[in-house]
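Here is the structure we will look at, set down as structure tokens.
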Amino acid sequence: MKREWKLSFLFIISVLALLTFWNYQNRVYDWDMPGYMGCMYTSEFPNSPDKVRILTYEEIKKEAPAEHYTDIIGIKQWDIPRQYFVKNTQSFTEQLPYFQIKVGYILVITLFYKLGLSSPMAVLFTSLISYFFSGILLFYILKLLFPKKYWLAVLLTIAAMLLPPMTYMSRVSTPDMFIFQFMLIFMIGLLKKWNQWAMFVLLFAITFIRPDYITFTLTYIITVFFFRYFQEKKIDVSFIVQGTVLLVMYLAIIKLYHYPGWKDLFYDTFIDRRPIISTHPINVSLKDYLSIIYIKIIYFKKVTLSLAIMIGMIFWRSKDAWVRIISVLFLVNVYIKFFFFPQSAALRFFFPFIFPVFIMMLYVLSKKYNDLKLGKIA
């Protein structure tokens, strides 16, 4: 059996290399790229905002296909904000805090840039290499779940890596593919029953990379805290310390980079993208919010149906309280993310929380083939 797993691993490595190259060939220079490149150049030229803006767009223009670049700079009449970003330094600079708070991600793309990649490719390479390693991590998870079914692990890995959200995340300049691999490591931690401090280090890294994942990291710590309390009838202060550290780090990042705030993000994304943030005060009413949520949730029905099927399967096949609780935790975080940022047309925002539900369903189904046992406290 070891020989079969070694051969299947070599096969998966080869397939992942081919898929990564395929995604590289279909890479997308999108309008998020200037934001992340601007953050990278700002750290290099902190007192030269004009230079940061000019360098950002010059470097993209050198590499991007013409149709990608014209989309980035906004040549259509209604693309006024993008036209401002490319020409107006104040406009461009005021957008950067939306991107700068993803500290860990910015550090990684900066590292690749310092290692010799061009600035646009440093951003894209981060997504591509994360795709490759995510495939390896997924294959390892499936090996844990189905230790005697190497062919099933191979097929499921390839099928998962060909999913449209997965290939899309690997081709664009966003941190979604990068954070996804950390969510897979989190799932390995659950399956392997890592101790609470090892899980905390992972939660710290996730929050450092994407501070908006604070909702996930805190809800996980709160869930484990109460689960242990009801199981053992004792309060574990270490979880309170962990949660406090994560919250303090989150608030420090928000303050350090002058993050505009949730209302500003919501307004600029779903109501009206402001060319210059400081000159356009906003007012998001409850009516505005609810009307947008109502429209967006209608287009979220496929996700809701898929999650309902997976959760239904988990509850049907498993009576384990912890398995059910952790599955619901991921489900809840999908909708926490949705109600904070209801971008229902972009599945990449929710996929890192949806896919772990799928893994939990596979775990439950795997018990039909072997005697895996997920620990009560990961």
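Just remember, in the structure tokens the first chain shown is A, the second B, etc., residues are 1-based per chain, and ligands are 1-based in the order shown.
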
May I have the residues within 8 Å of stretch 327-337 of chain A as a PyMOL selection string, using only C-alpha atoms and disregarding those fewer than 5 positions away in the same chain? chain A and resi 215-216+219-220+223+307+311+314+342+349-350+353-354+356-357+360

May I have the residues within 9 Å of A:Leu19 as a PyMOL selection string, using only C-alpha atoms and disregarding those fewer than 5 positions away in the same chain? chain A and resi 14+24+132+161-162+167

Neighbouring residues of A:Tyr57 were defined as those with any atom within 8 Å, considering only C-alpha atoms; residues of the same chain fewer than 4 positions away were excluded. Please report them as a ChimeraX atom specification. /A:34,53,61,86

Output file for the residues above (C-alpha atoms, as a compact mmCIF listing (two decimals), in the first residue's frame):
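Saved result, result.txt, follows:
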# COMPACT_ATOMS: atom_id res chain seq x y z
CA PRO A 34 -2.74 48.04 -8.24
CA ARG A 53 1.24 55.43 -8.11
CA LYS A 61 1.27 48.10 -18.30
CA VAL A 86 -4.55 55.90 -12.24

List the neighbours of A:Thr279 out to 12 Å using only C-alpha atoms; skip same-chain residues closer than 2 positions along the sequence, and give me the result as a PDB file with all heavy atoms, in the first residue's frame.
ATOM      1  N   GLN A  90      -3.813  61.348  -4.670  1.00  0.00           N
ATOM      2  CA  GLN A  90      -4.633  61.336  -3.458  1.00  0.00           C
ATOM      3  C   GLN A  90      -5.680  60.237  -3.533  1.00  0.00           C
ATOM      4  O   GLN A  90      -5.895  59.491  -2.572  1.00  0.00           O
ATOM      5  CB  GLN A  90      -5.312  62.689  -3.250  1.00  0.00           C
ATOM      6  CG  GLN A  90      -6.166  62.742  -1.993  1.00  0.00           C
ATOM      7  CD  GLN A  90      -6.916  64.065  -1.843  1.00  0.00           C
ATOM      8  OE1 GLN A  90      -6.737  64.989  -2.629  1.00  0.00           O
ATOM      9  NE2 GLN A  90      -7.763  64.145  -0.828  1.00  0.00           N
ATOM     10  N   SER A  91      -6.337  60.137  -4.675  1.00  0.00           N
ATOM     11  CA  SER A  91      -7.353  59.111  -4.863  1.00  0.00           C
ATOM     12  C   SER A  91      -6.763  57.714  -4.698  1.00  0.00           C
ATOM     13  O   SER A  91      -7.333  56.870  -3.996  1.00  0.00           O
ATOM     14  CB  SER A  91      -7.972  59.261  -6.260  1.00  0.00           C
ATOM     15  OG  SER A  91      -8.869  58.203  -6.523  1.00  0.00           O
ATOM     16  N   GLU A  94      -5.554  56.977  -0.958  1.00  0.00           N
ATOM     17  CA  GLU A  94      -6.634  56.790   0.013  1.00  0.00           C
ATOM     18  C   GLU A  94      -7.308  55.432  -0.109  1.00  0.00           C
ATOM     19  O   GLU A  94      -8.030  55.007   0.804  1.00  0.00           O
ATOM     20  CB  GLU A  94      -7.670  57.903  -0.142  1.00  0.00           C
ATOM     21  CG  GLU A  94      -7.182  59.256   0.363  1.00  0.00           C
ATOM     22  CD  GLU A  94      -8.257  60.333   0.320  1.00  0.00           C
ATOM     23  OE1 GLU A  94      -9.396  60.027  -0.117  1.00  0.00           O
ATOM     24  OE2 GLU A  94      -7.980  61.463   0.730  1.00  0.00           O
ATOM     25  N   ARG A 274     -16.290  55.629  -4.322  1.00  0.00           N
ATOM     26  CA  ARG A 274     -15.885  57.030  -4.285  1.00  0.00           C
ATOM     27  C   ARG A 274     -14.503  57.203  -4.898  1.00  0.00           C
ATOM     28  O   ARG A 274     -13.564  56.528  -4.494  1.00  0.00           O
ATOM     29  CB  ARG A 274     -15.870  57.530  -2.837  1.00  0.00           C
ATOM     30  CG  ARG A 274     -17.234  57.542  -2.185  1.00  0.00           C
ATOM     31  CD  ARG A 274     -17.110  57.763  -0.686  1.00  0.00           C
ATOM     32  NE  ARG A 274     -16.483  56.628  -0.018  1.00  0.00           N
ATOM     33  CZ  ARG A 274     -16.133  56.625   1.261  1.00  0.00           C
ATOM     34  NH1 ARG A 274     -16.347  57.692   2.008  1.00  0.00           N
ATOM     35  NH2 ARG A 274     -15.570  55.555   1.798  1.00  0.00           N
ATOM     36  N   PRO A 275     -14.372  58.134  -5.848  1.00  0.00           N
ATOM     37  CA  PRO A 275     -13.047  58.388  -6.428  1.00  0.00           C
ATOM     38  C   PRO A 275     -12.046  58.898  -5.390  1.00  0.00           C
ATOM     39  O   PRO A 275     -10.894  58.490  -5.377  1.00  0.00           O
ATOM     40  CB  PRO A 275     -13.327  59.451  -7.499  1.00  0.00           C
ATOM     41  CG  PRO A 275     -14.770  59.305  -7.823  1.00  0.00           C
ATOM     42  CD  PRO A 275     -15.414  58.898  -6.539  1.00  0.00           C
ATOM     43  N   ILE A 276     -12.508  59.825  -4.528  1.00  0.00           N
ATOM     44  CA  ILE A 276     -11.662  60.353  -3.459  1.00  0.00           C
ATOM     45  C   ILE A 276     -12.432  60.213  -2.148  1.00  0.00           C
ATOM     46  O   ILE A 276     -13.436  60.885  -1.925  1.00  0.00           O
ATOM     47  CB  ILE A 276     -11.277  61.821  -3.708  1.00  0.00           C
ATOM     48  CG1 ILE A 276     -10.545  61.958  -5.050  1.00  0.00           C
ATOM     49  CG2 ILE A 276     -10.399  62.336  -2.572  1.00  0.00           C
ATOM     50  CD1 ILE A 276     -10.167  63.378  -5.405  1.00  0.00           C
ATOM     51  N   ILE A 277     -11.972  59.327  -1.284  1.00  0.00           N
ATOM     52  CA  ILE A 277     -12.716  58.980  -0.071  1.00  0.00           C
ATOM     53  C   ILE A 277     -12.929  60.176   0.846  1.00  0.00           C
ATOM     54  O   ILE A 277     -14.027  60.390   1.358  1.00  0.00           O
ATOM     55  CB  ILE A 277     -11.975  57.850   0.687  1.00  0.00           C
ATOM     56  CG1 ILE A 277     -12.047  56.552  -0.128  1.00  0.00           C
ATOM     57  CG2 ILE A 277     -12.566  57.642   2.078  1.00  0.00           C
ATOM     58  CD1 ILE A 277     -11.269  55.401   0.477  1.00  0.00           C
ATOM     59  N   PRO A 281     -18.278  62.259   2.239  1.00  0.00           N
ATOM     60  CA  PRO A 281     -18.808  61.603   3.444  1.00  0.00           C
ATOM     61  C   PRO A 281     -19.938  60.645   3.075  1.00  0.00           C
ATOM     62  O   PRO A 281     -20.650  60.862   2.084  1.00  0.00           O
ATOM     63  CB  PRO A 281     -19.321  62.773   4.289  1.00  0.00           C
ATOM     64  CG  PRO A 281     -18.647  63.979   3.738  1.00  0.00           C
ATOM     65  CD  PRO A 281     -18.427  63.717   2.284  1.00  0.00           C
ATOM     66  N   ILE A 282     -20.104  59.606   3.867  1.00  0.00           N
ATOM     67  CA  ILE A 282     -21.121  58.600   3.536  1.00  0.00           C
ATOM     68  C   ILE A 282     -22.169  58.485   4.628  1.00  0.00           C
ATOM     69  O   ILE A 282     -21.970  58.900   5.766  1.00  0.00           O
ATOM     70  CB  ILE A 282     -20.473  57.223   3.321  1.00  0.00           C
ATOM     71  CG1 ILE A 282     -19.827  56.736   4.633  1.00  0.00           C
ATOM     72  CG2 ILE A 282     -19.475  57.253   2.190  1.00  0.00           C
ATOM     73  CD1 ILE A 282     -19.508  55.275   4.642  1.00  0.00           C
TER      74      ILE A 282
END

To one decimal place, how far is atom CA of A:Phe225 from atom CA of A:Phe338 in Å?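 Going from atom CA of A:Phe225 over to atom CA of A:Phe338 covers 24.9 Å.
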
If we count only C-alpha atoms and set the cut-off at 12 Å, which residues sit around A:Phe226, ignoring sequence neighbours fewer than 3 positions away in its own chain? Please answer as a list in words. Thr219, Tyr220, Ile221, Ile222, Thr223, Tyr229, Phe230, Gln231, Glu232, Lys233, Lys234, Ile235, Asp236, Val237, Phe239, Ile240, Trp322, Ile325 and Ile377 of chain A

Residue set, stretch 144-326 of chain A restricted to alpha helix (DSSP H), as a ChimeraX atom specification: /A:144-145,150-161,164-171,176-192,196-209,214-232,237-256,262-266,286-298,301-317,321-326

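Near A:Tyr105, within 8 Å and counting only C-alpha atoms, sit Pro175, Phe178, Ile209 and Arg210 of chain A; same-chain residues fewer than 5 positions away were not included.
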
Identify, on the basis of only C-alpha atoms, every residue whose closest approach to stretch 69-79 of chain A does not exceed 12 Å; exclude the query and any residue fewer than 3 positions from it along the same chain; express the result as JSON, numbers by chain. {"A": [28, 29, 30, 31, 32, 33, 34, 35, 56, 57, 58, 59, 60, 61, 62, 63, 64, 65, 66, 82, 83, 84, 85, 86, 87, 88, 92, 120, 272, 273, 274, 275]}

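With only C-alpha atoms as the atoms that count, the minimum distance from A:Ser48 to the choices A:Thr269, A:Thr93, A:Met199, A:Ile80 is reached by A:Thr93.
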